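Here's the structure, in structure tokens; my notes come after.
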Amino acid sequence: MNIQWYPGHMTKAKRAMQEDIKLIDLIIELVDARAPLSSRNPDIDELGKGKGRLILLNKADLASEGANAAWSSFFKEKGFQVLKIDARQKASLKQINPVIQEACREKIERDRRRGIINRPVRAMVVGIPNVGKSTFINSLAGKAAAKTGNKPGVTKGNQWIRLNKQVELLDTPGILWPKFEDQEVGLKLAFLGSINDEILNQEELAAELCAFLSKNREGLLGERYQMEESGKSSYELLEGIAVSRACLTKGGGYDLSRASKLLLDDFRGGKLGRITLEMPPASEPVQEKEE
Ligand code: G4P
């Protein structure tokens with residue numbers, strides 16, 4: 001399967017990001033905990049030089065606990081502050097304030113030396129599409145969040161949301177573009193639903209997911225869809241899912257289109273379990289067991 005997708009507005013998005021970054025102290029970068037490297041765009045490291053950095057492993061509820069811990073250590077070792085969250089759950093965001101302060105410690109100390117005390121940290125949320133940026137902003141800021149209004153230098157009608165006395169958040173997230181370093185990355189992003197499904201052949205994608213799961217999580221498909229898994233090709237597995245879930249055409253053939261959608265929805269919704277698609281470079285690939 002060949003995935004080539006470059007959003008046309010990429011250059012414009014990058015320019016807008018450069019402008020917005022000038023206004024902030026901290027970049028809150030969301031990645032998908034199921035594929036934290038594939039779902040991040042490393043260009044942000046260059047764009048965000050000198051800023052406080054916080055990485056949120058979002059959708060941690062859908063990723064394996066062991067893998068979440070491994071990814072947290074991986075990013076912490078690289079100097080990022082890190083939190084695992086489920087952006088839909090306000091409770092999982094409770095720990096964010098102290099982490100924000102820690103991520104901006106240098107700036108806060110620099111301010112203090114200059115006699116500036118209690119100036120709020122200004123933050124911006126960034127991430128590739130579908131990673132959970134809007135959900136996160138809504139959960140964190142809520143409807144009640146007081147907007148502090150336009151400030152000089154804020155272009156495009158951007159607004160600052162005051163989260164508390166210490167933190168202000170730019171109300172619109174920065175959209176990063178996925179970076180296709182290789183086909184594997186593109187494929188993982190497609191599994192996660194981060195690439196517009198309309199430009200992809202769903203049956204091919206579902207067959208690729210069958211191949212990936214039967215290779216990396218042997219037995220999982222067989223168990224979930226109550227079918228014999230071993231020795232089957234990816235399309236035979238898809239046909240097995242069609243039979244198991246009664247996705248059949250009027251003539252009695254396989255309705256692979258429906259079976260594909262069903263499998264992709266099951267995977268994306270966590271119905272196949274908490275599955276992480278990639279592990280930090282130095283550790284073992286996806287084989288690790290669920291706790
Ligand atoms: P974006 O702004 O970065 O593009 O992402 P957005 O917040 O729109 O979130 C994309 C989808 O991911 C949404 O689901 C959202 O509910 C879901 N989501 C966000 N954070 C989490 C998380 O931590 N855990 C889980 N399990 N899901 C999360 P959707 O199906 O597209 O929309 P909806 O049905 O929730 O309305």
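Identifiers in the structure tokens: chain A, B, ... in order shown; residue index from 1 per chain; ligand index from 1 in order shown.
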Could you build a table of the residues in chain A lying no more than 8 Å from ligand 1, giving for each the nearest pair of atoms and their separation in Å rounded to one decimal place, using only C-alpha atoms and all ligand atoms, ordered by chain and ascending residue number, as CSV?
```
residue,atom,partner,partner_atom_place_in_ligand_line,distance
A:Leu30,CA,ligand 1,3 (O),8.0
A:Asn58,CA,ligand 1,23 (O),4.8
A:Lys59,CA,ligand 1,23 (O),3.3
A:Ala60,CA,ligand 1,23 (O),6.1
A:Asp61,CA,ligand 1,24 (N),5.8
A:Leu62,CA,ligand 1,26 (N),5.8
A:Ile85,CA,ligand 1,23 (O),5.9
A:Asp86,CA,ligand 1,23 (O),3.1
A:Ala87,CA,ligand 1,23 (O),4.0
A:Arg88,CA,ligand 1,21 (C),5.4
A:Gln89,CA,ligand 1,23 (O),7.4
A:Gly127,CA,ligand 1,3 (O),6.3
A:Ile128,CA,ligand 1,3 (O),6.3
A:Pro129,CA,ligand 1,4 (O),4.1
A:Asn130,CA,ligand 1,4 (O),3.3
A:Val131,CA,ligand 1,3 (O),4.0
A:Gly132,CA,ligand 1,5 (O),3.3
A:Lys133,CA,ligand 1,3 (O),3.7
A:Ser134,CA,ligand 1,7 (O),3.8
A:Thr135,CA,ligand 1,7 (O),3.7
A:Phe136,CA,ligand 1,7 (O),6.3
A:Pro173,CA,ligand 1,2 (O),7.7
A:Ile175,CA,ligand 1,3 (O),7.7
A:Gly269,CA,ligand 1,26 (N),6.7
A:Gly270,CA,ligand 1,26 (N),7.5
```
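Excluding A:Gln166 itself and any same-chain residue fewer than 4 positions from it, the protein and nucleic acid residues within 8 Å of it, counting only C-alpha atoms, are Asn118, Arg119, Pro120 and Val121 of chain A.
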Name all residues at most 10 Å from A:Leu237 (count only C-alpha atoms; drop same-chain ones fewer than 6 positions away) and give them as a list in words. Ala206, Ala207, Cys210, Ala211, Ser214, Leu221, Gly222, Tyr225, Met227, Glu228, Glu229, Ser230, Gly231 and Val243 of chain A
One-decimal distance in Å that lies between atom CA of A:Ile55 and atom CA of A:Leu176: 14.0 Å
Go through stretch 190-213 of chain A and flag each residue having an atom no more than 12 Å from stretch 35-46 of chain A; for those, report the closest pair of atoms plus their distance in Å to one decimal, using only C-alpha atoms, ordered by chain and rising number, as CSV.
```
residue,atom,partner,partner_atom,distance
A:Ala190,CA,A:Ser39,CA,10.4
A:Phe191,CA,A:Ala35,CA,10.1
A:Leu192,CA,A:Ala35,CA,8.5
A:Gly193,CA,A:Ser39,CA,10.9
A:Ser194,CA,A:Ser39,CA,8.3
A:Ile195,CA,A:Ser39,CA,10.6
```
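Look at A:Lys215: the protein and nucleic acid residues within 12 Å of it, using only C-alpha atoms and passing over chain neighbours fewer than 2 places away, are Glu208, Leu209, Cys210, Ala211, Phe212, Leu213, Arg217, Glu218, Gly219, Leu220, Leu221, Glu229, Ser230, Gly231, Lys232, Ser233, Ser234, Leu277, Pro285, Val286 and Gln287 of chain A.
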Store the residues of this selection in a file with all heavy atoms, as a compact mmCIF listing (two decimals), in the first residue's frame.
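The result, stored in result19.txt:
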```txt
# COMPACT_ATOMS: atom_id res chain seq x y z
N GLU A 208 -3.89 -4.63 5.58
CA GLU A 208 -2.58 -4.32 6.18
C GLU A 208 -2.64 -4.44 7.70
O GLU A 208 -1.70 -4.91 8.33
CB GLU A 208 -2.14 -2.90 5.80
CG GLU A 208 -1.80 -2.71 4.33
CD GLU A 208 -0.38 -3.18 3.98
OE1 GLU A 208 0.32 -3.71 4.86
OE2 GLU A 208 0.00 -3.02 2.81
N LEU A 209 -3.77 -4.00 8.27
CA LEU A 209 -3.91 -4.08 9.73
C LEU A 209 -3.97 -5.54 10.18
O LEU A 209 -3.37 -5.92 11.18
CB LEU A 209 -5.15 -3.30 10.19
CG LEU A 209 -5.39 -3.26 11.70
CD1 LEU A 209 -4.19 -2.66 12.46
CD2 LEU A 209 -6.65 -2.45 12.04
N CYS A 210 -4.69 -6.36 9.40
CA CYS A 210 -4.72 -7.81 9.70
C CYS A 210 -3.31 -8.37 9.69
O CYS A 210 -2.91 -9.11 10.60
CB CYS A 210 -5.55 -8.56 8.64
SG CYS A 210 -7.31 -8.35 8.82
N ALA A 211 -2.54 -8.00 8.65
CA ALA A 211 -1.17 -8.52 8.54
C ALA A 211 -0.33 -8.05 9.73
O ALA A 211 0.39 -8.83 10.35
CB ALA A 211 -0.54 -8.04 7.23
N PHE A 212 -0.47 -6.78 10.09
CA PHE A 212 0.31 -6.22 11.21
C PHE A 212 -0.04 -6.93 12.52
O PHE A 212 0.84 -7.33 13.27
CB PHE A 212 0.02 -4.72 11.32
CG PHE A 212 0.81 -4.05 12.42
CD1 PHE A 212 2.03 -3.44 12.15
CD2 PHE A 212 0.33 -4.04 13.73
CE1 PHE A 212 2.77 -2.84 13.17
CE2 PHE A 212 1.07 -3.44 14.76
CZ PHE A 212 2.29 -2.84 14.46
N LEU A 213 -1.34 -7.10 12.75
CA LEU A 213 -1.76 -7.70 14.03
C LEU A 213 -1.39 -9.17 14.10
O LEU A 213 -0.95 -9.66 15.14
CB LEU A 213 -3.26 -7.50 14.24
CG LEU A 213 -3.69 -6.05 14.50
CD1 LEU A 213 -5.21 -5.93 14.54
CD2 LEU A 213 -3.09 -5.51 15.80
N ARG A 217 0.75 -9.43 17.07
CA ARG A 217 -0.13 -9.85 18.16
C ARG A 217 -0.84 -11.12 17.76
O ARG A 217 -2.08 -11.17 17.64
CB ARG A 217 -1.17 -8.75 18.46
CG ARG A 217 -0.61 -7.54 19.13
CD ARG A 217 0.02 -7.94 20.45
NE ARG A 217 0.35 -6.79 21.24
CZ ARG A 217 -0.45 -6.24 22.15
NH1 ARG A 217 -1.62 -6.76 22.38
NH2 ARG A 217 -0.07 -5.18 22.81
N GLU A 218 -0.03 -12.14 17.56
CA GLU A 218 -0.56 -13.40 17.07
C GLU A 218 -1.69 -13.91 17.97
O GLU A 218 -1.57 -13.88 19.20
CB GLU A 218 0.58 -14.42 17.04
CG GLU A 218 0.36 -15.53 16.07
CD GLU A 218 1.48 -16.55 16.15
OE1 GLU A 218 2.61 -16.18 16.53
OE2 GLU A 218 1.20 -17.72 15.85
N GLY A 219 -2.78 -14.33 17.39
CA GLY A 219 -3.88 -14.91 18.16
C GLY A 219 -4.98 -13.92 18.51
O GLY A 219 -6.11 -14.30 18.81
N LEU A 220 -4.66 -12.63 18.43
CA LEU A 220 -5.64 -11.61 18.84
C LEU A 220 -6.87 -11.59 17.93
O LEU A 220 -8.01 -11.60 18.39
CB LEU A 220 -4.96 -10.25 18.84
CG LEU A 220 -5.78 -9.09 19.36
CD1 LEU A 220 -5.87 -9.15 20.87
CD2 LEU A 220 -5.15 -7.76 18.95
N LEU A 221 -6.61 -11.60 16.61
CA LEU A 221 -7.73 -11.56 15.67
C LEU A 221 -8.57 -12.84 15.78
O LEU A 221 -9.81 -12.79 15.77
CB LEU A 221 -7.22 -11.40 14.22
CG LEU A 221 -6.65 -10.02 13.87
CD1 LEU A 221 -6.02 -10.05 12.48
CD2 LEU A 221 -7.73 -8.95 13.93
N GLU A 229 -6.76 -18.43 12.85
CA GLU A 229 -5.91 -17.34 12.36
C GLU A 229 -4.64 -17.82 11.65
O GLU A 229 -4.24 -17.24 10.63
CB GLU A 229 -5.53 -16.45 13.57
CG GLU A 229 -4.72 -15.23 13.18
CD GLU A 229 -4.30 -14.38 14.38
OE1 GLU A 229 -5.09 -14.25 15.34
OE2 GLU A 229 -3.18 -13.86 14.34
N SER A 230 -4.05 -18.90 12.17
CA SER A 230 -2.71 -19.24 11.67
C SER A 230 -2.73 -19.71 10.22
O SER A 230 -3.68 -20.36 9.76
CB SER A 230 -2.07 -20.30 12.57
OG SER A 230 -2.87 -21.43 12.58
N GLY A 231 -1.69 -19.31 9.52
CA GLY A 231 -1.50 -19.72 8.14
C GLY A 231 -2.36 -18.96 7.14
O GLY A 231 -2.34 -19.26 5.95
N LYS A 232 -3.11 -17.96 7.62
CA LYS A 232 -3.99 -17.24 6.67
C LYS A 232 -3.33 -15.99 6.14
O LYS A 232 -2.59 -15.32 6.86
CB LYS A 232 -5.30 -16.86 7.37
CG LYS A 232 -6.22 -18.04 7.57
CD LYS A 232 -7.60 -17.56 7.93
CE LYS A 232 -8.55 -18.72 8.02
NZ LYS A 232 -9.73 -18.38 8.81
N SER A 233 -3.66 -15.65 4.90
CA SER A 233 -3.16 -14.39 4.34
C SER A 233 -4.00 -13.25 4.91
O SER A 233 -5.05 -13.48 5.53
CB SER A 233 -3.33 -14.42 2.81
OG SER A 233 -4.71 -14.29 2.50
N SER A 234 -3.54 -12.03 4.69
CA SER A 234 -4.26 -10.88 5.26
C SER A 234 -5.71 -10.81 4.74
O SER A 234 -6.64 -10.53 5.48
CB SER A 234 -3.50 -9.59 4.99
OG SER A 234 -3.26 -9.46 3.62
N LEU A 277 1.56 0.56 18.76
CA LEU A 277 2.09 0.11 17.46
C LEU A 277 3.60 0.17 17.35
O LEU A 277 4.18 -0.44 16.45
CB LEU A 277 1.47 0.95 16.34
CG LEU A 277 -0.05 0.88 16.18
CD1 LEU A 277 -0.51 1.86 15.10
CD2 LEU A 277 -0.48 -0.53 15.82
N PRO A 285 10.18 -4.40 19.92
CA PRO A 285 8.97 -3.94 19.24
C PRO A 285 7.69 -4.41 19.92
O PRO A 285 7.74 -4.97 21.00
CB PRO A 285 9.11 -4.51 17.83
CG PRO A 285 10.11 -5.59 17.92
CD PRO A 285 10.99 -5.28 19.09
N VAL A 286 6.58 -4.20 19.28
CA VAL A 286 5.26 -4.34 19.88
C VAL A 286 4.89 -5.62 20.62
O VAL A 286 3.81 -5.72 21.17
CB VAL A 286 4.16 -4.09 18.82
CG1 VAL A 286 3.73 -2.66 18.82
CG2 VAL A 286 4.62 -4.50 17.45
N GLN A 287 5.78 -6.58 20.67
CA GLN A 287 5.42 -7.88 21.22
C GLN A 287 5.04 -7.90 22.70
O GLN A 287 4.43 -8.84 23.16
CB GLN A 287 6.58 -8.87 21.04
CG GLN A 287 6.77 -9.35 19.62
CD GLN A 287 5.64 -10.23 19.13
OE1 GLN A 287 4.60 -10.35 19.78
NE2 GLN A 287 5.80 -10.82 17.98
```
Extract, using only C-alpha atoms, all DNA, RNA and protein residues at most 12 Å from A:Lys51, discarding same-chain residues fewer than 3 positions from it, and format them as a tab-separated table (two decimals) with N, CA, C and O atoms, in the first residue's frame.
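out.tsv, freshly written:
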```
chain	number	residue	atom	x	y	z
A	21	ILE	N	4.54	30.90	17.64
A	21	ILE	CA	5.55	30.45	18.60
A	21	ILE	C	6.29	31.64	19.23
A	21	ILE	O	6.70	31.59	20.38
A	22	LYS	N	6.38	32.73	18.47
A	22	LYS	CA	7.04	33.92	19.02
A	22	LYS	C	6.31	34.44	20.25
A	22	LYS	O	6.88	35.12	21.08
A	23	LEU	N	5.00	34.15	20.33
A	23	LEU	CA	4.19	34.71	21.40
A	23	LEU	C	4.19	33.88	22.68
A	23	LEU	O	3.63	34.28	23.69
A	24	ILE	N	4.78	32.70	22.61
A	24	ILE	CA	4.58	31.78	23.74
A	24	ILE	C	5.88	31.38	24.45
A	24	ILE	O	6.98	31.56	23.93
A	25	ASP	N	5.69	30.82	25.65
A	25	ASP	CA	6.83	30.33	26.45
A	25	ASP	C	6.93	28.81	26.39
A	25	ASP	O	7.98	28.24	26.57
A	26	LEU	N	5.76	28.18	26.17
A	26	LEU	CA	5.71	26.72	26.31
A	26	LEU	C	4.94	26.07	25.16
A	26	LEU	O	3.85	26.53	24.81
A	27	ILE	N	5.51	25.02	24.62
A	27	ILE	CA	4.81	24.23	23.60
A	27	ILE	C	4.27	22.97	24.27
A	27	ILE	O	5.04	22.18	24.82
A	28	ILE	N	2.96	22.81	24.23
A	28	ILE	CA	2.34	21.58	24.74
A	28	ILE	C	2.05	20.72	23.51
A	28	ILE	O	1.16	21.00	22.72
A	29	GLU	N	2.86	19.68	23.35
A	29	GLU	CA	2.78	18.88	22.13
A	29	GLU	C	2.05	17.57	22.40
A	29	GLU	O	2.48	16.78	23.23
A	44	ILE	N	9.07	20.37	14.87
A	44	ILE	CA	8.68	21.23	16.00
A	44	ILE	C	9.88	21.47	16.92
A	44	ILE	O	9.95	22.50	17.60
A	45	ASP	N	10.84	20.56	16.93
A	45	ASP	CA	12.02	20.75	17.77
A	45	ASP	C	12.83	21.97	17.30
A	45	ASP	O	13.34	22.74	18.12
A	46	GLU	N	12.92	22.12	16.00
A	46	GLU	CA	13.64	23.27	15.44
A	46	GLU	C	12.81	24.55	15.65
A	46	GLU	O	13.31	25.57	16.11
A	47	LEU	N	11.52	24.44	15.32
A	47	LEU	CA	10.63	25.61	15.47
A	47	LEU	C	10.55	26.08	16.92
A	47	LEU	O	10.40	27.26	17.19
A	48	GLY	N	10.64	25.13	17.84
A	48	GLY	CA	10.39	25.46	19.25
A	48	GLY	C	11.65	25.62	20.07
A	48	GLY	O	11.60	25.56	21.30
A	54	LEU	N	6.62	20.37	26.65
A	54	LEU	CA	5.87	19.35	27.37
A	54	LEU	C	5.24	18.42	26.33
A	54	LEU	O	4.57	18.89	25.40
A	80	PHE	N	12.37	16.29	27.75
A	80	PHE	CA	11.00	16.82	27.74
A	80	PHE	C	10.33	16.54	29.09
A	80	PHE	O	10.65	15.55	29.74
A	100	ILE	N	3.69	21.92	33.99
A	100	ILE	CA	3.87	23.14	33.18
A	100	ILE	C	4.90	24.05	33.85
A	100	ILE	O	5.81	24.58	33.20
A	103	ALA	N	8.27	22.68	33.32
A	103	ALA	CA	8.73	22.84	31.93
A	103	ALA	C	9.20	24.27	31.66
A	103	ALA	O	10.00	24.50	30.76
A	104	CYS	N	8.67	25.21	32.44
A	104	CYS	CA	9.02	26.62	32.21
A	104	CYS	C	9.92	27.17	33.32
A	104	CYS	O	10.01	28.39	33.48
A	105	ARG	N	10.55	26.29	34.06
A	105	ARG	CA	11.31	26.74	35.23
A	105	ARG	C	12.36	27.79	34.86
A	105	ARG	O	12.47	28.82	35.52
A	106	GLU	N	13.07	27.53	33.76
A	106	GLU	CA	14.12	28.48	33.37
A	106	GLU	C	13.56	29.87	33.10
A	106	GLU	O	14.11	30.87	33.51
A	107	LYS	N	12.43	29.89	32.41
A	107	LYS	CA	11.81	31.18	32.08
A	107	LYS	C	11.34	31.89	33.34
A	107	LYS	O	11.54	33.10	33.51
A	108	ILE	N	10.74	31.12	34.24
A	108	ILE	CA	10.23	31.71	35.47
A	108	ILE	C	11.40	32.29	36.31
A	108	ILE	O	11.31	33.41	36.82
A	121	VAL	N	2.65	31.98	32.45
A	121	VAL	CA	3.28	31.28	31.34
A	121	VAL	C	2.29	31.26	30.20
A	121	VAL	O	1.10	31.03	30.41
A	122	ARG	N	2.76	31.53	29.00
A	122	ARG	CA	1.86	31.44	27.83
A	122	ARG	C	2.18	30.17	27.06
A	122	ARG	O	3.32	29.93	26.70
A	123	ALA	N	1.13	29.42	26.80
A	123	ALA	CA	1.33	28.10	26.19
A	123	ALA	C	0.49	27.94	24.93
A	123	ALA	O	-0.51	28.64	24.74
A	124	MET	N	0.93	27.03	24.10
A	124	MET	CA	0.20	26.72	22.87
A	124	MET	C	0.19	25.21	22.69
A	124	MET	O	1.18	24.53	22.94
```
Which parts of stretch 3-233 of chain A does DSSP call strand (DSSP E or B) when run on the backbone here, written out as number ranges by chain? A: 26-32, 52-58, 81-84, 121-127, 146-147, 160-162, 167-170, 174-175
For C-alpha atoms, I'd like the residues from the last selection saved as an mmCIF file, in the first residue's frame.
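Written output follows (selection15.cif):
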```cif
data_model
loop_
_atom_site.group_PDB
_atom_site.id
_atom_site.type_symbol
_atom_site.label_atom_id
_atom_site.label_comp_id
_atom_site.auth_asym_id
_atom_site.auth_seq_id
_atom_site.Cartn_x
_atom_site.Cartn_y
_atom_site.Cartn_z
ATOM 1 C CA LEU A 26 5.709 26.722 26.310
ATOM 2 C CA ILE A 27 4.807 24.229 23.602
ATOM 3 C CA ILE A 28 2.342 21.579 24.735
ATOM 4 C CA GLU A 29 2.780 18.884 22.128
ATOM 5 C CA LEU A 30 0.218 16.120 21.843
ATOM 6 C CA VAL A 31 1.248 12.792 20.382
ATOM 7 C CA ASP A 32 -0.768 9.597 20.046
ATOM 8 C CA GLY A 52 9.601 25.116 27.388
ATOM 9 C CA ARG A 53 8.545 21.699 26.148
ATOM 10 C CA LEU A 54 5.865 19.348 27.369
ATOM 11 C CA ILE A 55 4.879 16.166 25.565
ATOM 12 C CA LEU A 56 1.468 14.685 26.285
ATOM 13 C CA LEU A 57 1.076 11.012 25.476
ATOM 14 C CA ASN A 58 -2.597 11.343 24.654
ATOM 15 C CA GLN A 81 8.474 17.015 30.510
ATOM 16 C CA VAL A 82 5.983 14.208 29.862
ATOM 17 C CA LEU A 83 2.476 13.247 30.963
ATOM 18 C CA LYS A 84 0.250 10.347 29.945
ATOM 19 C CA VAL A 121 3.281 31.278 31.344
ATOM 20 C CA ARG A 122 1.864 31.440 27.833
ATOM 21 C CA ALA A 123 1.334 28.103 26.188
ATOM 22 C CA MET A 124 0.198 26.725 22.868
ATOM 23 C CA VAL A 125 -1.102 23.271 22.022
ATOM 24 C CA VAL A 126 0.283 21.619 18.894
ATOM 25 C CA GLY A 127 -0.051 18.252 17.187
ATOM 26 C CA ALA A 146 -12.256 33.407 31.054
ATOM 27 C CA LYS A 147 -10.771 34.793 27.909
ATOM 28 C CA TRP A 160 -5.767 33.743 25.258
ATOM 29 C CA ILE A 161 -7.637 31.531 27.653
ATOM 30 C CA ARG A 162 -6.673 32.075 31.259
ATOM 31 C CA VAL A 167 -1.021 29.794 32.796
ATOM 32 C CA GLU A 168 -2.581 31.301 29.679
ATOM 33 C CA LEU A 169 -3.352 29.163 26.657
ATOM 34 C CA LEU A 170 -3.705 30.212 23.034
ATOM 35 C CA GLY A 174 -1.229 24.668 16.064
ATOM 36 C CA ILE A 175 -1.749 21.985 13.486
#
```
